[in-house]
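To keep things clear, I will list the structure first and then write my remarks on it.
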Amino acid sequence: MHDLMSLGDVARLAGVQRPVVSVWRSRFKTGPNAFPPPTTGGPDLHQPGQRSGARRPFFDRTAVAEWLRETGHGHNVEAELDSPAFSIARVVETPMGKDRLLALLALRAVTGEDVGGRSADELLGLADGCRLATDLFPDACTLFDGDAETLELASLADELSDAAFSTARAADRVVEERVRVSREPPLIDRAAQSWFASLIAQLLVSQATDTSSLVLHADGAMACTLALAASEQVPEHASVTYRFEGDQALASRRQAATRELWIGPAGNAEEVADGQTSRGNSRATTSTVRIVDLASTAALTDLESAFERPPGDVLLILGAASLLTAALATPSETAQRAALLRTGRVRAVVALPEGIDPRAPRRRLAMWLVSTAQDDQDADRRWTSLADLRGRAISLRLDSADAAALASDLLAVSGGTGALRSRAFTYLRPASLPLVLARRGALTESAEELSHAARPVELAPSQAASTASRLAELADAVRRRSGEAELLRTVELAPETAPAALPSATLGRLRTDGHVRLVQGTRLVVPIRSDRRAGHSPSAIESSGTTVLGLAELLGEMRPGSRRVDPFDLASEHPRSRLTEPGDVVFATSPRPLALVDSDGYSVVEAPARILRINESDSAGLLPRALALEITQQAPDGTDWMQWRVRRAVPKARPLLERTLETANAARAALEAALASLAEWEKLATAGITGGMLTDASLPEAEGIEQDHLSRGAKPLAGTDISNTERNEAR
């Protein structure tokens, strides 16, 4: 069974696309260089989901490798040596096949002996006599049951190790092939895995001392994956014991064994210390970095049990944002989480970007960095550090620069609060713990208090002067290029003598504090009347009915006011629809952040567009036109509107800002009207010239057009006189 290859396996072995192999089969059906025929024996190869009687062709691995070598086809000159690594798809189609092959590779790595060519009893004896037999092979009787398939897999394990040049790489190949064949998404995004592995390795090394032994403890499927990835970045001189618990712990221990890592038994802290004795560190203290994966659970009791660690441990908790950072549903849950935070052990709370878990790309994850080291914080002066990476440009990926900066921040706070006073952080923001617990909303939104007081702005005088000068240059350029001498004349901006500003804030925070309100759009089923595209003047049909605002208007495809619905139909079909109020901001998140201001109001907003309504009694420095402009300037991939950060204006600057934006809007309307007139002029001129109705007024009457007509054999224009000879030549 393990000697069979599918067409896809052959293509990957040869380094070509799958259709190329099909061409080889048809082109070299017969002759001395005929492609190997499909196998006729072996197991039932019918695939689930195929029509009755349909079977996928499979080919003998040795025959295919020899054909590639003899004919020189493909791009892999070492196809014969690599063929075992590309023929294990049939084996790992089932979890049991993957577990057997991985166990045999682990047995080979631990004992240092080949496993092929041995009987079942010999394999069992080899497994029972190896180090940590109960941790690596608790199911040895089932794995090595003596059937012919197990003995074939043992030979395949040896061949696979030789082909991959190491048992560790062979084990990785088995895991990768299982993911590919099963079509199951990986546990964690590849880029995020690399970053987490780097962070874990740095945390582990930072715990090392001359008298301490290091333990990396992983609890959960994702945590085990991260621990194995971190082992590749741990320095060789670091003596680390790896412990795995929870889902996939057994498979992870076997994979760790193929990498010749020291594997510790699962158990409590005392067992860990006892495990160090065999390594000659009986007098050493134990420094543990523990990774707990709560991504698939949402219970605060799991969080409480994770905190039960001995002093000196560093704990990295990965879990759903709904559990770790978001506002909880009930007061009892909020109080339960607050009790954990009040212990002072939570050094950092980080909201992570989307896409880290490929199994649920839209699921939001968060992370707590917990240190049980003693600290000098008073109960009423405790601090934690917060970071919110949602909605950032990194979006679905954590690039190396962001990862290194955040890892450095986390390492700085893992030991205590001393770094809070002496370090300039890149992403973490120190926050008073009582203030964090007192605020509503998500924990990571509490790092900056939404202040209504203006703060002095430290600007160099030359910076303000250069900005004002550049604005004057731009205004002159607009007037000069448009030919409109009065555009942008009503506003003249000069440097402020005492600059002050309000801090920016996310829309989610502004909504939580009641400064803006979200109103959902309506999915319209009533007929919409429309007869004008963007840039055209309104017609009589548009003068009645309720205006519709949606994606077409936000994208500029339709002029606002050109689509309307009958108000009686709207009230009948959508009795709960909400109309806009003057000054409402209509926005959408896709295909990019879009927004416009409905100055007149009383419009119906067509979903997926929505409404942001500013609280007039407490606007927190928001203005409709400025808010719409801030939305359109967000990152194109920032689809989470709650994380959009917007700027606000101090009270004395709001009249000037409103007047400036009105002036810019009036100038834009004038230029758009000019462009609309230009488009109509272009259309009519083209129609008049091609229809023979118009000519160039600067030339003698009909001279240019007459000559052009004659050159093409057209009839002479009325009123012209030419000879018969000229007429015949023209024909």
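Residue numbering restarts at 1 in every chain; chains get A, B, ... in the order shown in the structure tokens, and ligands count up from 1 in that same order.
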| said: Excluding Val205 of chain A and its own-chain neighbours fewer than 3 positions away, which residues fall within 10 Å of it when counting only C-alpha atoms? Please give them as a ChimeraX atom specification. | reply: /A:200-202,208-209,214,234-235,238-240,287,289
| task | Fewer than 2 positions away in the same chain doesn't count, so skip those; otherwise give me all residues within 10 Å of segment 553-557 of chain A, counting only C-alpha atoms, as a ChimeraX atom specification. | result | /A:532-535,548-551,559-563,586-588,591-597,609
| message | For Gly264 of chain A, find every residue with an atom within 6 Å (counting only C-alpha atoms), except residues of its own chain fewer than 2 positions away, and show them as a list in words. | response |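 Residues near the query, excluding close chain neighbours: Thr241, Tyr242 and Arg243 of chain A.
Nearest to Asp618 of chain A of all the residues A:Ala170, A:Val175, A:Val516, A:Val115 is A:Val516, counting only C-alpha atoms.
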Distance query Gln17 of chain A at most 10 Å, only C-alpha atoms, self and fewer than 4 positions along chain excluded, as a PDB file with all heavy atoms, in the first residue's frame:
```
ATOM      1  N   LEU A   7      -1.682  10.380  -9.176  1.00  0.00           N
ATOM      2  CA  LEU A   7      -1.175  11.316 -10.170  1.00  0.00           C
ATOM      3  C   LEU A   7      -0.630  12.581  -9.502  1.00  0.00           C
ATOM      4  O   LEU A   7       0.387  13.128  -9.924  1.00  0.00           O
ATOM      5  CB  LEU A   7      -2.288  11.679 -11.154  1.00  0.00           C
ATOM      6  CG  LEU A   7      -2.672  10.600 -12.177  1.00  0.00           C
ATOM      7  CD1 LEU A   7      -3.861  11.073 -13.005  1.00  0.00           C
ATOM      8  CD2 LEU A   7      -1.502  10.272 -13.089  1.00  0.00           C
ATOM      9  N   GLY A   8      -1.305  13.020  -8.456  1.00  0.00           N
ATOM     10  CA  GLY A   8      -0.822  14.198  -7.739  1.00  0.00           C
ATOM     11  C   GLY A   8       0.506  13.949  -7.057  1.00  0.00           C
ATOM     12  O   GLY A   8       1.380  14.833  -7.029  1.00  0.00           O
ATOM     13  N   VAL A  10       2.783  11.816  -8.076  1.00  0.00           N
ATOM     14  CA  VAL A  10       3.798  11.776  -9.134  1.00  0.00           C
ATOM     15  C   VAL A  10       4.189  13.188  -9.545  1.00  0.00           C
ATOM     16  O   VAL A  10       5.376  13.495  -9.751  1.00  0.00           O
ATOM     17  CB  VAL A  10       3.280  10.977 -10.342  1.00  0.00           C
ATOM     18  CG1 VAL A  10       4.286  11.030 -11.485  1.00  0.00           C
ATOM     19  CG2 VAL A  10       3.001   9.531  -9.957  1.00  0.00           C
ATOM     20  N   ALA A  11       3.196  14.068  -9.667  1.00  0.00           N
ATOM     21  CA  ALA A  11       3.481  15.443 -10.074  1.00  0.00           C
ATOM     22  C   ALA A  11       4.350  16.155  -9.048  1.00  0.00           C
ATOM     23  O   ALA A  11       5.307  16.858  -9.403  1.00  0.00           O
ATOM     24  CB  ALA A  11       2.166  16.198 -10.273  1.00  0.00           C
ATOM     25  N   ARG A  12       4.059  15.962  -7.775  1.00  0.00           N
ATOM     26  CA  ARG A  12       4.858  16.624  -6.745  1.00  0.00           C
ATOM     27  C   ARG A  12       6.267  16.039  -6.680  1.00  0.00           C
ATOM     28  O   ARG A  12       7.232  16.756  -6.407  1.00  0.00           O
ATOM     29  CB  ARG A  12       4.151  16.509  -5.388  1.00  0.00           C
ATOM     30  CG  ARG A  12       2.879  17.339  -5.311  1.00  0.00           C
ATOM     31  CD  ARG A  12       2.232  17.347  -3.938  1.00  0.00           C
ATOM     32  NE  ARG A  12       1.838  16.028  -3.504  1.00  0.00           N
ATOM     33  CZ  ARG A  12       2.381  15.374  -2.482  1.00  0.00           C
ATOM     34  NH1 ARG A  12       3.361  15.938  -1.793  1.00  0.00           N
ATOM     35  NH2 ARG A  12       1.965  14.174  -2.138  1.00  0.00           N
ATOM     36  N   VAL A  21       1.554  15.332 -15.914  1.00  0.00           N
ATOM     37  CA  VAL A  21       1.621  13.872 -15.770  1.00  0.00           C
ATOM     38  C   VAL A  21       0.575  13.207 -16.668  1.00  0.00           C
ATOM     39  O   VAL A  21       0.839  12.152 -17.273  1.00  0.00           O
ATOM     40  CB  VAL A  21       1.420  13.472 -14.299  1.00  0.00           C
ATOM     41  CG1 VAL A  21       1.543  11.963 -14.128  1.00  0.00           C
ATOM     42  CG2 VAL A  21       2.432  14.179 -13.408  1.00  0.00           C
ATOM     43  N   SER A  22      -0.607  13.809 -16.760  1.00  0.00           N
ATOM     44  CA  SER A  22      -1.632  13.258 -17.665  1.00  0.00           C
ATOM     45  C   SER A  22      -1.162  13.290 -19.111  1.00  0.00           C
ATOM     46  O   SER A  22      -1.440  12.361 -19.890  1.00  0.00           O
ATOM     47  CB  SER A  22      -2.930  14.054 -17.510  1.00  0.00           C
ATOM     48  OG  SER A  22      -3.427  13.962 -16.184  1.00  0.00           O
ATOM     49  N   GLY A  74      10.637  15.853 -15.842  1.00  0.00           N
ATOM     50  CA  GLY A  74      10.466  16.478 -14.532  1.00  0.00           C
ATOM     51  C   GLY A  74      11.650  17.342 -14.159  1.00  0.00           C
ATOM     52  O   GLY A  74      12.615  17.507 -14.923  1.00  0.00           O
TER      53      GLY A  74
END
```
| message | Going by DSSP on the backbone, which residues of segment 36-123 of chain A come out as alpha helix (DSSP H)? List them as a ChimeraX atom specification. | response | /A:61-71,79-82,95-111,120-123
| Within 12 Å of Ala63 of chain A, counting only C-alpha atoms, which residues qualify if same-chain residues fewer than 6 places away don't, as JSON, numbers by chain? | {"A": [3, 4, 5, 10, 33, 34, 35, 36, 37, 38, 39, 69, 70, 79, 80, 83]}
| Residues within 10 Å of Leu102 of chain A, only C-alpha atoms, excluding chain neighbours under 4 positions, as an NGL selection string | :A and (92 or 96-98 or 106-108 or 153 or 157 or 167 or 170-175 or 251-252 or 254-255 or 258)
